[in-house]
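**Q** Below is the file start18.cif, with mmCIF, C-alpha atoms (C1' of nucleotides) and all ligand atoms.
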```
data_final
#
loop_
_atom_site.label_atom_id
_atom_site.label_comp_id
_atom_site.auth_asym_id
_atom_site.auth_seq_id
_atom_site.Cartn_x
_atom_site.Cartn_y
_atom_site.Cartn_z
CA MET A 177 0.00 0.00 0.00
CA LYS A 178 1.40 3.36 -1.01
CA ILE A 179 0.85 6.55 0.92
CA GLY A 180 -1.92 7.79 -1.35
CA ASP A 181 -3.91 4.57 -0.90
CA LEU A 182 -3.47 4.73 2.84
CA ALA A 183 -4.58 8.33 2.91
CA ARG A 184 -7.67 7.61 0.81
CA HIS A 185 -8.67 4.69 3.02
CA ALA A 186 -8.34 6.87 6.10
CA GLY A 187 -9.99 9.94 4.61
CA CYS A 188 -7.04 12.28 4.89
CA THR A 189 -4.27 13.60 2.67
CA THR A 190 -0.78 12.27 2.07
CA GLU A 191 0.64 15.38 3.67
CA THR A 192 -1.27 14.60 6.84
CA VAL A 193 0.14 11.06 6.86
CA ARG A 194 3.70 12.31 6.50
CA PHE A 195 3.01 14.92 9.16
CA TYR A 196 1.75 12.28 11.61
CA GLU A 197 4.85 10.22 10.97
CA LYS A 198 7.03 13.19 11.81
CA GLU A 199 4.95 13.80 14.95
CA GLY A 200 5.33 10.21 16.04
CA LEU A 201 1.61 9.45 15.85
CA LEU A 202 2.23 6.95 13.09
CA PRO A 203 5.28 4.65 13.07
CA ALA A 204 7.69 5.17 10.19
CA ALA A 205 6.71 3.13 7.16
CA ASP A 206 8.82 0.50 5.47
CA ARG A 207 10.40 1.67 2.26
CA ALA A 208 10.08 -0.01 -1.11
CA ALA A 209 13.04 -0.23 -3.48
CA ASN A 210 12.15 3.14 -4.99
CA ASN A 211 12.10 4.74 -1.53
CA TYR A 212 8.30 5.02 -1.54
CA ARG A 213 6.63 4.47 1.82
CA SER A 214 4.95 1.06 2.07
CA TYR A 215 2.04 0.40 4.45
CA GLY A 216 0.04 -2.55 5.73
CA ALA A 217 -3.22 -3.14 7.60
CA ARG A 218 -1.63 -2.24 10.93
CA HIS A 219 -0.77 1.22 9.74
CA LEU A 220 -4.26 1.79 8.43
CA GLU A 221 -5.77 0.72 11.74
CA ARG A 222 -3.48 3.07 13.56
CA LEU A 223 -4.11 5.97 11.25
CA ARG A 224 -7.88 5.50 11.53
CA PHE A 225 -7.57 5.48 15.29
CA VAL A 226 -5.66 8.73 15.25
CA ARG A 227 -8.10 10.36 12.84
CA ASN A 228 -11.01 9.28 15.04
CA CYS A 229 -9.35 10.86 18.05
CA ARG A 230 -8.83 14.05 16.06
CA ALA A 231 -12.48 13.99 15.01
CA LEU A 232 -13.20 14.14 18.73
CA ASP A 233 -10.92 17.18 18.98
CA MET A 234 -8.22 15.55 21.04
CA THR A 235 -4.80 17.15 20.80
CA HIS A 236 -1.78 15.31 19.47
CA GLU A 237 -0.51 15.15 23.02
CA GLU A 238 -3.69 13.51 24.25
CA ILE A 239 -3.50 11.01 21.40
CA HIS A 240 0.14 10.32 22.19
CA GLN A 241 -0.76 9.54 25.79
CA LEU A 242 -3.63 7.33 24.70
CA LEU A 243 -1.36 5.38 22.37
CA ALA A 244 1.19 4.95 25.11
CA LEU A 245 -1.50 3.61 27.45
CA MET A 246 -2.73 1.18 24.80
CA GLU A 247 0.69 -0.14 24.13
CA THR A 248 1.48 -0.96 27.71
CA ALA A 249 0.68 -4.65 27.43
CA GLY A 250 -1.35 -6.03 30.31
CA ALA A 251 -2.19 -2.62 31.71
CA ASP A 252 -5.74 -1.89 32.73
CA CYS A 253 -7.67 0.94 31.17
CA GLY A 254 -7.93 3.24 34.16
CA GLY A 255 -5.64 5.73 32.48
CA VAL A 256 -7.73 5.66 29.34
CA ASN A 257 -10.85 6.49 31.30
CA GLU A 258 -9.09 9.31 33.09
CA LEU A 259 -7.80 10.76 29.86
CA LEU A 260 -11.22 10.67 28.27
CA ASP A 261 -12.83 12.21 31.34
CA ALA A 262 -10.28 15.01 31.24
CA HIS A 263 -10.96 15.64 27.59
CA ILE A 264 -14.69 15.68 28.17
CA GLN A 265 -14.03 18.35 30.77
CA HIS A 266 -12.12 20.37 28.18
CA VAL A 267 -15.20 20.26 25.98
CA ASP A 268 -17.58 21.06 28.85
CA LEU A 269 -15.47 24.00 29.86
CA ARG A 270 -15.32 25.43 26.38
CA ILE A 271 -19.07 25.03 25.97
CA ALA A 272 -19.61 26.94 29.20
CA GLU A 273 -17.25 29.68 28.05
CA LEU A 274 -18.98 30.00 24.72
CA LEU A 275 -22.44 30.10 26.31
CA GLN A 276 -21.25 32.94 28.49
CA LEU A 277 -19.75 34.67 25.50
CA LYS A 278 -23.02 34.25 23.66
CA GLN A 279 -24.86 35.98 26.49
CA GLN A 280 -22.47 38.89 26.39
CA LEU A 281 -22.79 39.17 22.65
CA ASP A 282 -26.59 39.06 22.76
CA ALA A 283 -26.63 41.77 25.41
CA LEU A 284 -24.33 43.88 23.29
CA ARG A 285 -26.49 43.31 20.24
CA GLN A 286 -29.52 44.59 22.17
CA ARG A 287 -27.85 47.94 22.54
CA CYS A 288 -28.51 48.86 18.93
CA GLN A 289 -32.02 48.46 17.67
CA GLN A 290 -32.00 50.59 14.56
CA GLN A 291 -29.42 52.01 12.26
CA GLN A 292 -28.05 55.33 13.30
CA GLY A 293 -24.82 57.29 13.12
CA VAL A 294 -21.79 55.32 14.20
CA ASP A 295 -21.15 57.88 16.93
CA ALA A 296 -24.39 56.95 18.65
CA CYS A 297 -24.36 53.18 18.04
CA GLY A 298 -24.92 51.31 21.28
CA ILE A 299 -22.77 48.42 20.10
CA LEU A 300 -19.74 50.58 19.58
CA LEU A 301 -20.37 52.34 22.85
CA GLY A 302 -20.62 49.00 24.55
CA LEU A 303 -17.35 47.85 23.04
CA ALA A 304 -15.64 51.02 24.20
CA GLU A 305 -16.99 50.80 27.75
CA MET A 306 -16.57 47.08 28.41
CA GLU A 307 -14.05 46.27 31.07
CA ALA A 308 -12.65 42.99 29.92
CA SER A 309 -11.34 41.81 33.26
CA ALA A 310 -7.74 40.73 32.77
CA ARG A 311 -7.61 38.09 30.07
CA PRO A 312 -8.79 34.78 31.40
CA GLU A 313 -6.08 32.19 30.91
CA ARG A 314 -7.07 29.38 28.69
CA HIS A 315 -7.65 26.17 30.49
CA THR A 316 -8.65 24.19 27.47
CA HIS A 317 -7.13 23.51 24.11
CA LEU A 318 -10.45 24.02 22.36
CA GLY A 319 -10.38 27.49 20.86
CA MET B 13 2.98 57.15 28.59
CA LYS B 14 5.46 54.39 27.83
CA ILE B 15 4.51 51.03 26.35
CA GLY B 16 4.61 49.26 29.72
CA ASP B 17 2.17 51.73 31.26
CA LEU B 18 -0.16 51.42 28.32
CA ALA B 19 -0.06 47.64 28.50
CA ARG B 20 -0.76 47.64 32.23
CA HIS B 21 -3.73 50.00 31.80
CA ALA B 22 -5.15 47.76 29.10
CA GLY B 23 -4.42 44.48 30.84
CA CYS B 24 -2.09 43.04 28.24
CA THR B 25 1.65 42.72 27.66
CA THR B 26 4.04 45.04 25.88
CA GLU B 27 4.62 42.32 23.28
CA THR B 28 0.93 42.28 22.49
CA VAL B 29 0.96 46.06 22.03
CA ARG B 30 3.88 45.89 19.63
CA PHE B 31 2.19 43.03 17.82
CA TYR B 32 -1.05 45.00 17.39
CA GLU B 33 0.92 47.91 16.00
CA LYS B 34 2.52 45.63 13.44
CA GLU B 35 -0.91 44.21 12.60
CA GLY B 36 -2.38 47.67 12.11
CA LEU B 37 -4.88 47.33 14.95
CA LEU B 38 -3.12 50.12 16.83
CA PRO B 39 -1.68 53.18 15.07
CA ALA B 40 2.08 53.59 15.31
CA ALA B 41 3.08 55.46 18.44
CA ASP B 42 5.02 58.71 18.56
CA ARG B 43 8.63 58.26 19.53
CA ALA B 44 10.42 60.03 22.37
CA ALA B 45 14.00 61.26 21.99
CA ASN B 46 15.32 57.89 23.16
CA ASN B 47 13.21 56.10 20.54
CA TYR B 48 10.79 54.77 23.16
CA ARG B 49 7.16 54.57 22.04
CA SER B 50 5.03 57.35 23.54
CA TYR B 51 1.28 56.97 24.01
CA GLY B 52 -1.70 59.16 24.91
CA ALA B 53 -5.32 58.66 25.95
CA ARG B 54 -6.44 58.02 22.39
CA HIS B 55 -4.15 55.02 22.11
CA LEU B 56 -5.38 53.62 25.36
CA GLU B 57 -8.99 53.96 24.26
CA ARG B 58 -8.22 52.19 21.04
CA LEU B 59 -6.25 49.41 22.68
CA ARG B 60 -9.04 48.82 25.18
CA PHE B 61 -11.52 48.62 22.34
CA VAL B 62 -9.42 46.03 20.55
CA ARG B 63 -8.92 43.99 23.71
CA ASN B 64 -12.65 44.05 24.36
CA CYS B 65 -13.29 42.75 20.88
CA ARG B 66 -10.73 40.00 21.46
CA ALA B 67 -12.40 39.15 24.76
CA LEU B 68 -15.49 38.48 22.64
CA ASP B 69 -13.36 36.19 20.47
CA MET B 70 -13.47 38.32 17.36
CA THR B 71 -10.65 37.76 14.89
CA HIS B 72 -8.20 40.47 13.94
CA GLU B 73 -9.93 40.68 10.60
CA GLU B 74 -13.32 41.25 12.22
CA ILE B 75 -11.80 43.93 14.40
CA HIS B 76 -10.14 45.56 11.41
CA GLN B 77 -13.48 45.75 9.65
CA LEU B 78 -15.15 47.15 12.73
CA LEU B 79 -12.50 49.84 13.05
CA ALA B 80 -12.89 50.75 9.39
CA LEU B 81 -16.65 51.08 9.84
CA MET B 82 -16.19 53.28 12.89
CA GLU B 83 -13.80 55.56 11.16
CA THR B 84 -16.02 56.27 8.22
CA ALA B 85 -17.32 59.59 9.52
CA GLY B 86 -21.02 60.10 9.08
CA ALA B 87 -21.69 56.47 8.20
CA ASP B 88 -24.57 54.69 9.85
CA CYS B 89 -24.02 51.60 11.90
CA GLY B 90 -25.74 49.04 9.67
CA GLY B 91 -22.41 47.43 8.90
CA VAL B 92 -21.56 47.19 12.57
CA ASN B 93 -24.81 45.37 13.26
CA GLU B 94 -24.18 42.98 10.39
CA LEU B 95 -20.68 42.23 11.55
CA LEU B 96 -21.82 41.51 15.07
CA ASP B 97 -24.67 39.32 13.84
CA ALA B 98 -22.22 37.34 11.73
CA HIS B 99 -19.90 36.88 14.67
CA ILE B 100 -22.76 35.76 16.89
CA GLN B 101 -23.46 33.13 14.27
CA HIS B 102 -19.85 31.98 14.48
CA VAL B 103 -20.32 31.46 18.19
CA ASP B 104 -23.70 29.74 17.78
CA LEU B 105 -22.24 27.38 15.23
CA ARG B 106 -19.31 26.43 17.40
CA ILE B 107 -21.57 25.85 20.38
CA ALA B 108 -23.67 23.49 18.26
CA GLU B 109 -20.58 21.63 17.10
CA LEU B 110 -19.28 21.25 20.62
CA LEU B 111 -22.63 20.04 21.93
CA GLN B 112 -22.61 17.35 19.27
CA LEU B 113 -19.06 16.45 20.13
CA LYS B 114 -20.02 16.23 23.77
CA GLN B 115 -22.74 13.73 22.92
CA GLN B 116 -20.32 11.56 21.02
CA LEU B 117 -17.84 11.69 23.85
CA ASP B 118 -20.45 10.82 26.46
CA ALA B 119 -21.58 7.86 24.37
CA LEU B 120 -18.00 6.70 24.06
CA ARG B 121 -17.43 7.11 27.78
CA GLN B 122 -20.43 4.86 28.46
CA ARG B 123 -18.68 2.02 26.73
CA CYS B 124 -16.33 1.48 29.65
CA GLN B 125 -17.87 1.12 33.08
CA GLN B 126 -15.08 -0.48 35.03
CA GLN B 127 -11.39 -0.89 34.72
CA GLN B 128 -10.30 -3.86 32.73
CA GLY B 129 -7.49 -4.87 30.40
CA VAL B 130 -6.79 -2.37 27.66
CA ASP B 131 -7.58 -5.05 25.10
CA ALA B 132 -11.19 -5.21 26.25
CA CYS B 133 -11.77 -1.53 26.98
CA GLY B 134 -14.92 -0.32 25.25
CA ILE B 135 -13.50 3.15 24.81
CA LEU B 136 -10.52 1.93 22.85
CA LEU B 137 -12.75 -0.37 20.83
CA GLY B 138 -15.02 2.54 20.12
CA LEU B 139 -12.13 4.68 18.96
CA ALA B 140 -10.94 1.91 16.68
CA GLU B 141 -14.38 1.30 15.17
CA MET B 142 -15.60 4.86 14.71
CA GLU B 143 -16.01 5.91 11.15
CA ALA B 144 -15.22 9.59 11.23
CA SER B 145 -17.01 10.68 8.10
CA ALA B 146 -14.62 12.80 6.06
CA ARG B 147 -13.42 15.69 8.10
CA PRO B 148 -16.05 18.44 8.30
CA GLU B 149 -14.69 21.72 7.00
CA ARG B 150 -14.56 24.44 9.54
CA HIS B 151 -16.98 27.23 9.00
CA THR B 152 -16.07 29.26 12.02
CA HIS B 153 -12.86 30.71 13.34
CA LEU B 154 -13.63 29.52 16.85
CA GLY B 155 -11.55 26.39 17.42
"C1'" DA C 268 9.47 10.42 -26.05
"C1'" DA C 269 6.00 12.97 -23.92
"C1'" DA C 270 2.20 13.19 -20.75
"C1'" DC C 271 0.37 12.20 -16.51
"C1'" DA C 272 -0.14 10.60 -11.86
"C1'" DC C 273 2.24 9.50 -8.22
"C1'" DC C 274 6.19 9.67 -4.90
"C1'" DT C 275 10.36 12.16 -2.31
"C1'" DT C 276 12.31 16.12 0.62
"C1'" DG C 277 12.17 20.55 2.57
"C1'" DT C 278 10.23 25.07 3.38
"C1'" DA C 279 6.76 28.47 4.36
"C1'" DG C 280 2.19 29.90 5.66
"C1'" DC C 281 -2.14 30.30 8.73
"C1'" DA C 282 -3.91 32.99 13.97
"C1'" DA C 283 -2.76 35.36 17.66
"C1'" DC C 284 0.18 35.65 20.12
"C1'" DT C 285 4.56 34.24 23.45
"C1'" DT C 286 9.29 33.70 24.21
"C1'" DC C 287 13.96 34.50 23.42
"C1'" DA C 288 18.27 36.78 22.17
"C1'" DA C 289 21.18 40.74 22.02
"C1'" DG C 290 21.47 45.05 22.98
"C1'" DG C 291 20.33 50.40 24.29
"C1'" DT C 292 18.55 53.76 28.23
"C1'" DC C 293 17.86 55.53 32.61
"C1'" DA C 294 17.36 56.23 37.70
"C1'" DA C 295 19.05 54.64 42.20
"C1'" DG C 296 22.51 52.93 45.45
"C1'" DC C 297 27.37 52.26 47.03
"C1'" DG D 295 32.09 56.21 38.82
"C1'" DC D 296 30.21 51.94 38.46
"C1'" DT D 297 27.00 48.39 39.03
"C1'" DT D 298 22.39 46.75 39.50
"C1'" DG D 299 17.81 46.56 37.96
"C1'" DA D 300 13.86 47.91 35.47
"C1'" DC D 301 12.64 49.37 31.47
"C1'" DC D 302 12.93 49.94 26.27
"C1'" DT D 303 14.48 48.51 21.17
"C1'" DT D 304 14.56 45.04 17.11
"C1'" DG D 305 14.05 40.71 14.99
"C1'" DA D 306 13.61 35.76 14.90
"C1'" DA D 307 11.62 31.54 16.37
"C1'" DG D 308 8.12 28.66 18.85
"C1'" DT D 309 3.15 27.34 19.57
"C1'" DT D 310 -1.01 23.86 17.05
"C1'" DG D 311 -2.45 20.96 13.29
"C1'" DC D 312 -2.13 20.96 9.52
"C1'" DT D 313 -1.97 22.91 4.15
"C1'" DA D 314 0.43 24.48 0.17
"C1'" DC D 315 4.11 24.96 -2.41
"C1'" DA D 316 8.68 24.03 -4.94
"C1'" DA D 317 11.87 21.16 -7.19
"C1'" DG D 318 12.74 16.93 -8.33
"C1'" DG D 319 12.46 11.45 -8.93
"C1'" DT D 320 9.41 7.30 -10.47
"C1'" DG D 321 6.15 4.60 -13.13
"C1'" DT D 322 2.61 3.68 -16.42
"C1'" DT D 323 0.33 4.89 -20.66
"C1'" DT D 324 0.11 6.40 -25.26
ZN ZN A 401 -8.75 17.60 25.56
ZN ZN A 402 -25.82 50.53 15.86
ZN ZN A 403 -16.50 35.81 14.30
ZN ZN A 404 -11.95 0.99 29.74
#
```
What does this structure look like when you write it as structure tokens?
Ligand SMILES: [Zn+2]
Ligand SMILES: [Zn+2]
Ligand SMILES: [Zn+2]
Ligand SMILES: [Zn+2]

**A**
Amino acid sequence: MKIGDLARHAGCTTETVRFYEKEGLLPAADRAANNYRSYGARHLERLRFVRNCRALDMTHEEIHQLLALMETAGADCGGVNELLDAHIQHVDLRIAELLQLKQQLDALRQRCQQQQGVDACGILLGLAEMEASARPERHTHLG
Amino acid sequence: MKIGDLARHAGCTTETVRFYEKEGLLPAADRAANNYRSYGARHLERLRFVRNCRALDMTHEEIHQLLALMETAGADCGGVNELLDAHIQHVDLRIAELLQLKQQLDALRQRCQQQQGVDACGILLGLAEMEASARPERHTHLG
DNA sequence: AAACACCTTGTAGCAACTTCAAGGTCAAGC
DNA sequence: GCTTGACCTTGAAGTTGCTACAAGGTGTTT
């Protein structure tokens, strides 16, 4: 299997595959005589796993940790559960932040009901007056 | 006012101030005899405005547009309202995406109720089996 | 032999900063 | 007068997860 085939089967691009190899998310492929990367079923499984994790918005670091946990033969899955719980918290936290943001934005939007001169626009006034309390540090990797 | 004072009054760092200047979000400062940047009340107002926009998760481009609209003397605020509405949609969309993600994650979490060998863990099985339908393009700048 | 699709490497770009390196300026303390 | 420390200057590189080249090698078809 060449890199393009692998990529197609996993629903990503060849560049992504090479990038994951560089990142250590995918083990280095064997090389054919012409120096082309050569893949088997194992690689496809692994790549699909990684892509599924990414579809769930896990970071490369989270995926790395998950892979390490999986590859510790005989280990139990407590670490896996913890990692997933932590990630779910990242999502919960970001949802809460965005809901709060949405409230602020709706309130701001209320301040202008009809078109008027920009000098009198309640939205612009609101943006000028807001006191964005010192930037809240980000506690989650979800933007 | 030196750059450090300005930054403190706006709740950001001097690096951020210099960065905004380079980005055109903040007009270039006057220079004192020693080549230090020198700021007045106008700059502080502007920087606070930009920071408030960022606190609402607007992009630099959105802020640029907003500033352009504001500085068109005599214009009405229709464009401002449109821009804010569009940004509110960005937030709404991301909230919807994250709520869906949360559902998927909760379902996955359900698949492992107690610790067991990693080979039998329902979470890892779930991650292997998932068929992440071709990556959904992002339609919003919110991560 | 030319066209075309595929592969290789390495580099640069995106957003919104942060961090670092190497150096210039200025007031205070000994 | 000389050092310490806090500030300022510039420019380059790192962050995250890719994407998009550029410049070239390979392989099959016509
Ligand atoms: Zn996470
Ligand atoms: Zn208005
Ligand atoms: Zn927006
Ligand atoms: Zn489990």

**Q** Would you name the residues within 8 Å of ligand ZN 404 (chain A), counting only C-alpha atoms (C1' of nucleotides) and all ligand atoms, and put them as a PDB file with C-alpha atoms, keeping the file's coordinate frame?

**A**
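Result file is selection_34.pdb:
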```pdb
ATOM      1  CA  ASP A 252      -5.740  -1.890  32.730  1.00  0.00           C
ATOM      2  CA  CYS A 253      -7.670   0.940  31.170  1.00  0.00           C
ATOM      3  CA  GLY A 254      -7.930   3.240  34.160  1.00  0.00           C
ATOM      4  CA  VAL A 256      -7.730   5.660  29.340  1.00  0.00           C
ATOM      5  CA  ASN A 257     -10.850   6.490  31.300  1.00  0.00           C
TER       6      ASN A 257
ATOM      7  CA  ARG B 123     -18.680   2.020  26.730  1.00  0.00           C
ATOM      8  CA  CYS B 124     -16.330   1.480  29.650  1.00  0.00           C
ATOM      9  CA  GLN B 125     -17.870   1.120  33.080  1.00  0.00           C
ATOM     10  CA  GLN B 126     -15.080  -0.480  35.030  1.00  0.00           C
ATOM     11  CA  GLN B 127     -11.390  -0.890  34.720  1.00  0.00           C
ATOM     12  CA  GLN B 128     -10.300  -3.860  32.730  1.00  0.00           C
ATOM     13  CA  GLY B 129      -7.490  -4.870  30.400  1.00  0.00           C
ATOM     14  CA  VAL B 130      -6.790  -2.370  27.660  1.00  0.00           C
ATOM     15  CA  ALA B 132     -11.190  -5.210  26.250  1.00  0.00           C
ATOM     16  CA  CYS B 133     -11.770  -1.530  26.980  1.00  0.00           C
ATOM     17  CA  GLY B 134     -14.920  -0.320  25.250  1.00  0.00           C
ATOM     18  CA  ILE B 135     -13.500   3.150  24.810  1.00  0.00           C
ATOM     19  CA  LEU B 136     -10.520   1.930  22.850  1.00  0.00           C
TER      20      LEU B 136
END
```

**Q** Once you count all atoms listed in the file, which residues of chain B turn out to be within 10 Å of chain C? Could you give them as a VMD selection string?

**A** chain B and resid 25 27 to 28 31 to 32 46 to 48 66 71 to 72 153

**Q** Find the residues in chain B near chain A: any atom within 7 Å counts, using only C-alpha atoms. Write them as a ChimeraX atom specification.

**A** /B:23,61,64-65,67-68,82,86-90,100,103,107,110,113-114,117,127-130,133,139-140,142,144,146,154-155

**Q** Check the smallest atom-to-atom distance from each of B:Gln122, B:Ala44, B:Glu35, B:Ala53 to chain D using only C-alpha atoms (C1' of nucleotides), then report the winner.

**A**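 Selected residue with least distance to chain D: B:Ala44.
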
**Q** One decimal, Å: what's the distance from CA of Leu182 (chain A) over to CA of Ala244 (chain A), could you say?

**A** 22.8 Å

**Q** Superposition of chain A onto chain B by least squares over all sequentially paired C-alpha atoms; the transformed chain is requested as a compact mmCIF listing (two decimals) with C-alpha atoms, in the frame of the given file.

**A**
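The result, written out as part-v4.txt:
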```
# COMPACT_ATOMS: atom_id res chain seq x y z
CA MET A 177 2.86 57.57 28.37
CA LYS A 178 5.38 54.83 27.70
CA ILE A 179 4.49 51.42 26.36
CA GLY A 180 4.58 49.74 29.75
CA ASP A 181 2.11 52.25 31.21
CA LEU A 182 -0.19 51.82 28.26
CA ALA A 183 -0.03 48.06 28.57
CA ARG A 184 -0.78 48.16 32.30
CA HIS A 185 -3.76 50.45 31.80
CA ALA A 186 -5.14 48.13 29.15
CA GLY A 187 -4.38 44.90 31.00
CA CYS A 188 -2.02 43.42 28.45
CA THR A 189 1.72 43.12 27.90
CA THR A 190 4.09 45.39 26.03
CA GLU A 191 4.71 42.62 23.54
CA THR A 192 1.01 42.52 22.75
CA VAL A 193 1.01 46.28 22.16
CA ARG A 194 3.93 46.07 19.76
CA PHE A 195 2.28 43.10 18.08
CA TYR A 196 -0.96 45.04 17.56
CA GLU A 197 0.99 47.90 16.07
CA LYS A 198 2.61 45.55 13.60
CA GLU A 199 -0.81 44.08 12.79
CA GLY A 200 -2.27 47.50 12.18
CA LEU A 201 -4.78 47.26 15.01
CA LEU A 202 -3.08 50.11 16.81
CA PRO A 203 -1.66 53.13 14.95
CA ALA A 204 2.10 53.58 15.21
CA ALA A 205 3.06 55.60 18.26
CA ASP A 206 4.95 58.86 18.27
CA ARG A 207 8.56 58.50 19.27
CA ALA A 208 10.29 60.38 22.06
CA ALA A 209 13.86 61.63 21.66
CA ASN A 210 15.21 58.32 22.95
CA ASN A 211 13.16 56.41 20.37
CA TYR A 212 10.73 55.13 23.02
CA ARG A 213 7.12 54.86 21.90
CA SER A 214 4.94 57.65 23.31
CA TYR A 215 1.18 57.26 23.77
CA GLY A 216 -1.82 59.42 24.62
CA ALA A 217 -5.44 58.92 25.67
CA ARG A 218 -6.50 58.12 22.11
CA HIS A 219 -4.19 55.16 21.94
CA LEU A 220 -5.42 53.83 25.24
CA GLU A 221 -9.03 54.10 24.11
CA ARG A 222 -8.19 52.27 20.95
CA LEU A 223 -6.22 49.56 22.67
CA ARG A 224 -9.03 48.98 25.18
CA PHE A 225 -11.48 48.69 22.33
CA VAL A 226 -9.34 46.08 20.63
CA ARG A 227 -8.83 44.13 23.85
CA ASN A 228 -12.58 44.16 24.48
CA CYS A 229 -13.19 42.76 21.02
CA ARG A 230 -10.62 40.06 21.67
CA ALA A 231 -12.30 39.26 24.98
CA LEU A 232 -15.36 38.53 22.86
CA ASP A 233 -13.24 36.19 20.73
CA MET A 234 -13.33 38.25 17.57
CA THR A 235 -10.49 37.65 15.15
CA HIS A 236 -8.04 40.36 14.17
CA GLU A 237 -9.75 40.47 10.81
CA GLU A 238 -13.14 41.07 12.38
CA ILE A 239 -11.66 43.82 14.53
CA HIS A 240 -10.00 45.36 11.50
CA GLN A 241 -13.33 45.49 9.70
CA LEU A 242 -15.03 46.96 12.74
CA LEU A 243 -12.40 49.68 13.01
CA ALA A 244 -12.77 50.48 9.35
CA LEU A 245 -16.54 50.80 9.75
CA MET A 246 -16.12 53.08 12.76
CA GLU A 247 -13.73 55.33 10.98
CA THR A 248 -15.95 55.94 8.01
CA ALA A 249 -17.24 59.29 9.20
CA GLY A 250 -20.97 59.77 8.78
CA ALA A 251 -21.62 56.13 7.98
CA ASP A 252 -24.49 54.38 9.68
CA CYS A 253 -23.93 51.32 11.80
CA GLY A 254 -25.61 48.73 9.62
CA GLY A 255 -22.26 47.13 8.89
CA VAL A 256 -21.44 46.98 12.57
CA ASN A 257 -24.67 45.15 13.29
CA GLU A 258 -24.03 42.72 10.47
CA LEU A 259 -20.53 42.02 11.66
CA LEU A 260 -21.68 41.36 15.19
CA ASP A 261 -24.51 39.14 13.99
CA ALA A 262 -22.02 37.14 11.94
CA HIS A 263 -19.73 36.74 14.90
CA ILE A 264 -22.59 35.65 17.11
CA GLN A 265 -23.29 32.99 14.51
CA HIS A 266 -19.68 31.84 14.75
CA VAL A 267 -20.19 31.36 18.47
CA ASP A 268 -23.57 29.66 18.04
CA LEU A 269 -22.13 27.29 15.50
CA ARG A 270 -19.20 26.33 17.67
CA ILE A 271 -21.49 25.76 20.64
CA ALA A 272 -23.62 23.45 18.53
CA GLU A 273 -20.54 21.57 17.35
CA LEU A 274 -19.25 21.16 20.87
CA LEU A 275 -22.63 19.97 22.17
CA GLN A 276 -22.64 17.34 19.48
CA LEU A 277 -19.09 16.40 20.31
CA LYS A 278 -20.06 16.12 23.95
CA GLN A 279 -22.81 13.68 23.06
CA GLN A 280 -20.41 11.53 21.11
CA LEU A 281 -17.91 11.58 23.92
CA ASP A 282 -20.52 10.66 26.53
CA ALA A 283 -21.71 7.77 24.38
CA LEU A 284 -18.15 6.59 24.00
CA ARG A 285 -17.57 6.88 27.73
CA GLN A 286 -20.59 4.65 28.36
CA ARG A 287 -18.88 1.84 26.53
CA CYS A 288 -16.53 1.17 29.42
CA GLN A 289 -18.06 0.75 32.82
CA GLN A 290 -15.30 -0.95 34.73
CA GLN A 291 -11.60 -1.38 34.36
CA GLN A 292 -10.57 -4.31 32.28
CA GLY A 293 -7.80 -5.31 29.91
CA VAL A 294 -7.08 -2.73 27.25
CA ASP A 295 -7.91 -5.31 24.58
CA ALA A 296 -11.50 -5.46 25.77
CA CYS A 297 -12.04 -1.77 26.61
CA GLY A 298 -15.18 -0.47 24.96
CA ILE A 299 -13.68 2.99 24.61
CA LEU A 300 -10.76 1.78 22.59
CA LEU A 301 -13.02 -0.42 20.53
CA GLY A 302 -15.25 2.53 19.91
CA LEU A 303 -12.33 4.67 18.80
CA ALA A 304 -11.20 1.96 16.42
CA GLU A 305 -14.65 1.43 14.90
CA MET A 306 -15.81 5.04 14.58
CA GLU A 307 -16.23 6.20 11.04
CA ALA A 308 -15.35 9.84 11.25
CA SER A 309 -17.15 10.96 8.12
CA ALA A 310 -14.72 13.01 6.06
CA ARG A 311 -13.42 15.86 8.17
CA PRO A 312 -16.00 18.58 8.46
CA GLU A 313 -14.54 21.83 7.20
CA ARG A 314 -14.36 24.49 9.78
CA HIS A 315 -16.85 27.23 9.30
CA THR A 316 -15.90 29.18 12.36
CA HIS A 317 -12.70 30.59 13.72
CA LEU A 318 -13.52 29.40 17.22
CA GLY A 319 -11.51 26.26 17.82
```

**Q** My list of candidates is D:DT320, D:DT310, D:DT303, D:DT297. Which is closest to chain B when distances are computed with all atoms listed in the file?

**A** D:DT303

**Q** To one decimal place, how far is CA of Lys14 (chain B) from C1' of DG295 (chain D) in Å?

**A** 28.9 Å

**Q** Go through B:Glu149, B:Glu73, B:Asp42, B:Asp17 and flag the residue nearest ligand ZN 403 (chain A), using only C-alpha atoms and all ligand atoms for the distances.

**A** B:Glu73

**Q** Expressed in Å to a single decimal, how great is the separation between C1' of DC302 (chain D) and CA of Gly36 (chain B)?

**A** 21.0 Å

**Q** Using only C-alpha atoms (C1' of nucleotides), determine which residues of chain D fall within 10 Å of chain A; present them as a PyMOL selection string.

**A** chain D and resi 310-314+319-320

**Q** Store the residues picked out above, limited to C-alpha atoms (C1' of nucleotides), as a short mmCIF file (atom, residue, chain, number, x, y, z; two decimals), keeping the file's coordinate frame.

**A**
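The resulting again_34.cif:
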```
data_model
loop_
_atom_site.label_atom_id
_atom_site.label_comp_id
_atom_site.auth_asym_id
_atom_site.auth_seq_id
_atom_site.Cartn_x
_atom_site.Cartn_y
_atom_site.Cartn_z
"C1'" DT D 310 -1.01 23.86 17.05
"C1'" DG D 311 -2.45 20.96 13.29
"C1'" DC D 312 -2.13 20.96 9.52
"C1'" DT D 313 -1.97 22.91 4.15
"C1'" DA D 314 0.43 24.48 0.17
"C1'" DG D 319 12.46 11.45 -8.93
"C1'" DT D 320 9.41 7.30 -10.47
#
```
